[in-house]
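Shown next, in structure tokens, is the structure this report addresses.
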Amino acid sequence: MLDRLDLLVIGECVADVVRLPDAADRVHPGGSPANVAYGLARLGHDTTLLTQLGADEKGRLIRAHLTGAGVEVRTDGSTAPTPSAVVNLDGAGRASYAFDITWTLGPVSLERPPAHVHTGSIAAVTEPGAAAVVAAVESLRAAATVSYDPNVRPELMGDHEAAVRKAERCVALSDVVKASDEDLEWLYPGVEPVKAAERWLATGPAVVLVTRGGDGAFAVLPAGPLTVDALPAEVVDTVGAGDAFMSGTLHALAAHGLLGPAGRERLRALDRATAKDVLRHASASAAVTVARAGASPPDPAELREALGRR
């Protein structure tokens, strides 16, 4: 069983300025890939984040947050300001975003090859940095498994057809893909999420996972879809829930020995019982996160406790 791997996450950090009705603004470290890296490190994995951070207060806040969990932060030396987003929460804790982001990632050398690479979100679609992300994944995937989460932000996706092509390129490079039903609705309007996921599965991934908020999640495998219910939770806000689901997914796959070059063949033969266990871990990770403010994924003890409540 492989439960500790060198994991590389490539993507943006974002300072989330969380805005609630009749309350003072709160600044939380965020950015989908950064949240995934943080979640993996919290769960005990050796995790490196390749990103961009400004030499400003927001950048220092995010760096301290990540390194405090054990994430190794690597940057390309850019002096651009740290990206930010105003996160407006409604009365049910649902989030909407307004972004101020520049993504110009340049090449960075790595001392050791990772066993697994994760990317997605803004980093995989926003040029000129997106081209560097795809090139890095292409160069690493021969010796590493790959995961991808489009984490669609319509305001930043640009031309719809071009965005779909970029997403599909990343899907084809990946072994594991996770998306929300809202992501799929934006990419493929009017197409049932399971049909869109099956379309992606046919292009190369071993498994496609789809989250449906309070309605649970499902995995699409060559043998067909598999569904699990959401874990009951008192929702404080949904910030980072999908990212916690992603880190929980990778944590469970690693525990089953399904990541890294030695795990790729076994991942291709993923059985339904193992896939269900992965979905349970991912859903429990998300449930912990929505029950507290900001993108705050669980540590191993909290994850075990949440799994025990199912």
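Residues in the structure tokens are numbered from 1 in each chain, the chains being A, B, ... in the order shown, and ligands are numbered from 1 in the order shown.
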
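Proximity to Val18 (chain A) at 9 Å, evaluated using only C-alpha atoms and with sequence-adjacent residues fewer than 6 positions away removed, yields Ala24, Asp25, Arg26, Val27, His28, Ala85, Val86, Val87, Asn88, Leu89, Ala95 and Gly294 of chain A.
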
Those residues with C-alpha atoms, as an mmCIF file, in the first residue's frame please?
data_model
loop_
_atom_site.group_PDB
_atom_site.id
_atom_site.type_symbol
_atom_site.label_atom_id
_atom_site.label_comp_id
_atom_site.auth_asym_id
_atom_site.auth_seq_id
_atom_site.Cartn_x
_atom_site.Cartn_y
_atom_site.Cartn_z
ATOM 1 C CA ALA A 24 -16.640 42.689 8.221
ATOM 2 C CA ASP A 25 -14.595 41.246 5.353
ATOM 3 C CA ARG A 26 -12.367 38.261 6.179
ATOM 4 C CA VAL A 27 -9.274 37.307 4.151
ATOM 5 C CA HIS A 28 -8.634 33.584 3.726
ATOM 6 C CA ALA A 85 -11.005 37.234 -5.262
ATOM 7 C CA VAL A 86 -13.958 38.791 -3.497
ATOM 8 C CA VAL A 87 -16.132 35.908 -2.294
ATOM 9 C CA ASN A 88 -19.740 36.895 -1.663
ATOM 10 C CA LEU A 89 -21.682 34.429 0.489
ATOM 11 C CA ALA A 95 -20.243 31.415 -2.759
ATOM 12 C CA GLY A 294 -13.105 29.117 4.637
#

Enumerate, as an NGL selection string, the complete set of residues in region 91-183 of chain A that a backbone-based DSSP assignment places in helix (DSSP H, G or I). :A and (121-124 or 129-140 or 154-156 or 160-172 or 181-183)

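Relative to CA of Thr203 (chain A), CA of Gly260 (chain A) is found at 20.1 Å.
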
Region 59-72 of chain A surroundings by only C-alpha atoms, 9 Å radius, close-in-sequence under 4 positions cut, as a short mmCIF file (atom, residue, chain, number, x, y, z; two decimals) with N, CA and C atoms, in the first residue's frame:
data_model
loop_
_atom_site.label_atom_id
_atom_site.label_comp_id
_atom_site.auth_asym_id
_atom_site.auth_seq_id
_atom_site.Cartn_x
_atom_site.Cartn_y
_atom_site.Cartn_z
N CYS A 13 -2.50 30.42 -6.41
CA CYS A 13 -2.93 30.82 -5.08
C CYS A 13 -3.80 32.06 -5.23
N VAL A 14 -4.83 32.17 -4.41
CA VAL A 14 -5.72 33.33 -4.45
C VAL A 14 -6.06 33.73 -3.02
N ALA A 15 -5.96 35.01 -2.73
CA ALA A 15 -6.42 35.53 -1.44
C ALA A 15 -7.93 35.77 -1.55
N HIS A 28 -9.05 34.97 3.55
CA HIS A 28 -8.63 33.58 3.73
C HIS A 28 -7.67 33.20 2.60
N PRO A 29 -6.64 32.43 2.89
CA PRO A 29 -5.83 31.85 1.81
C PRO A 29 -6.69 30.94 0.96
N GLY A 30 -6.54 31.03 -0.36
CA GLY A 30 -7.37 30.21 -1.24
C GLY A 30 -6.70 29.96 -2.57
N ALA A 34 -4.02 25.53 -4.68
CA ALA A 34 -3.40 25.74 -3.37
C ALA A 34 -4.19 25.03 -2.28
N ASN A 35 -5.52 25.06 -2.38
CA ASN A 35 -6.35 24.36 -1.39
C ASN A 35 -6.12 22.85 -1.44
N ALA A 37 -3.34 21.34 -2.45
CA ALA A 37 -2.02 21.09 -1.87
C ALA A 37 -2.09 21.14 -0.35
N TYR A 38 -2.78 22.13 0.19
CA TYR A 38 -2.92 22.26 1.64
C TYR A 38 -3.64 21.03 2.21
N GLY A 39 -4.71 20.61 1.56
CA GLY A 39 -5.45 19.45 2.03
C GLY A 39 -4.63 18.18 2.03
N LEU A 40 -3.81 17.99 0.99
CA LEU A 40 -2.94 16.81 0.93
C LEU A 40 -1.90 16.83 2.03
N ALA A 41 -1.30 18.00 2.26
CA ALA A 41 -0.30 18.10 3.32
C ALA A 41 -0.93 17.86 4.68
N ARG A 42 -2.13 18.38 4.90
CA ARG A 42 -2.84 18.16 6.17
C ARG A 42 -3.07 16.67 6.40
N GLY A 44 -1.05 14.37 5.52
CA GLY A 44 0.22 13.69 5.75
C GLY A 44 1.05 13.39 4.54
N HIS A 45 0.73 13.98 3.39
CA HIS A 45 1.46 13.70 2.16
C HIS A 45 2.58 14.71 1.90
N ASP A 46 3.66 14.24 1.31
CA ASP A 46 4.76 15.12 0.91
C ASP A 46 4.32 15.88 -0.34
N THR A 47 4.04 17.16 -0.18
CA THR A 47 3.37 17.93 -1.23
C THR A 47 4.14 19.19 -1.57
N THR A 48 4.35 19.39 -2.87
CA THR A 48 4.95 20.61 -3.38
C THR A 48 3.92 21.36 -4.22
N LEU A 49 3.84 22.67 -4.04
CA LEU A 49 2.97 23.51 -4.85
C LEU A 49 3.84 24.41 -5.72
N LEU A 50 3.66 24.29 -7.02
CA LEU A 50 4.32 25.17 -7.99
C LEU A 50 3.33 26.26 -8.36
N GLN A 52 2.55 30.99 -8.20
CA GLN A 52 3.04 32.37 -8.18
C GLN A 52 2.49 33.07 -6.94
N LEU A 53 3.36 33.80 -6.25
CA LEU A 53 2.96 34.58 -5.08
C LEU A 53 3.67 35.93 -5.13
N GLY A 54 2.93 36.99 -4.87
CA GLY A 54 3.55 38.31 -4.82
C GLY A 54 4.27 38.54 -3.50
N ALA A 55 5.18 39.50 -3.52
CA ALA A 55 5.89 39.89 -2.28
C ALA A 55 5.06 40.94 -1.56
N PRO A 81 1.48 41.06 -8.35
CA PRO A 81 0.75 41.00 -7.08
C PRO A 81 0.06 39.66 -6.90
N THR A 82 -0.12 39.26 -5.65
CA THR A 82 -0.84 38.02 -5.35
C THR A 82 -2.28 38.12 -5.85
N PRO A 83 -2.75 37.14 -6.61
CA PRO A 83 -4.13 37.17 -7.07
C PRO A 83 -5.12 37.23 -5.91
#

Out of A:Val9, A:Ile122, A:Leu20, A:Ala223, which residue has the shortest atom-to-atom distance to Asp100 (chain A) when counting only C-alpha atoms? A:Ile122

Pro222 (chain A) proximity check over A:His256, A:Arg268, A:Lys178, A:Lys276, using only C-alpha atoms: winner is A:Arg268

Can you tell me, as a ChimeraX atom specification, which residues in region 57-104 of chain A count as strand (DSSP E) by DSSP? /A:72-75,84-89,95-100

Which of these residues is nearest to Ala241 (chain A), using only C-alpha atoms: A:Ala219, A:Ala202, A:Val36, A:Ala269? A:Val36

What are the closest atom pairs, with distances in Å to one decimal, for all residues of region 95-143 of chain A lying within 12 Å of region 152-160 of chain A? Consider only C-alpha atoms, order rows by chain and residue number, and present the result as a tab-separated table.
residue	atom	partner	partner_atom	distance
A:Ala95	CA	A:Arg153	CA	11.7
A:Ser96	CA	A:Arg153	CA	9.5
A:Tyr97	CA	A:Arg153	CA	8.2
A:Ala98	CA	A:Glu155	CA	7.8
A:Phe99	CA	A:Glu155	CA	7.9
A:Asp100	CA	A:Leu156	CA	9.8
A:Ile101	CA	A:Leu156	CA	8.9
A:Thr102	CA	A:Leu156	CA	10.5
A:Trp103	CA	A:Leu156	CA	11.1
A:Gly120	CA	A:Val152	CA	9.1
A:Ser121	CA	A:Val152	CA	6.3
A:Ile122	CA	A:Leu156	CA	7.2
A:Ala123	CA	A:Leu156	CA	10.4
A:Ala124	CA	A:Met157	CA	9.8
A:Val125	CA	A:Met157	CA	6.6
A:Thr126	CA	A:Met157	CA	7.3
A:Glu127	CA	A:Gly158	CA	10.2
A:Ala130	CA	A:Met157	CA	11.5

Got a sec: who's within 12 Å of Glu111 (chain A), counting only C-alpha atoms, leaving out chain neighbours fewer than 3 positions off, as a ChimeraX atom specification? /A:6,8,48,74,108,114

Between CA of Gly31 (chain A) and CA of Asp149 (chain A), measure the distance and give it in Å to one decimal. 12.3 Å
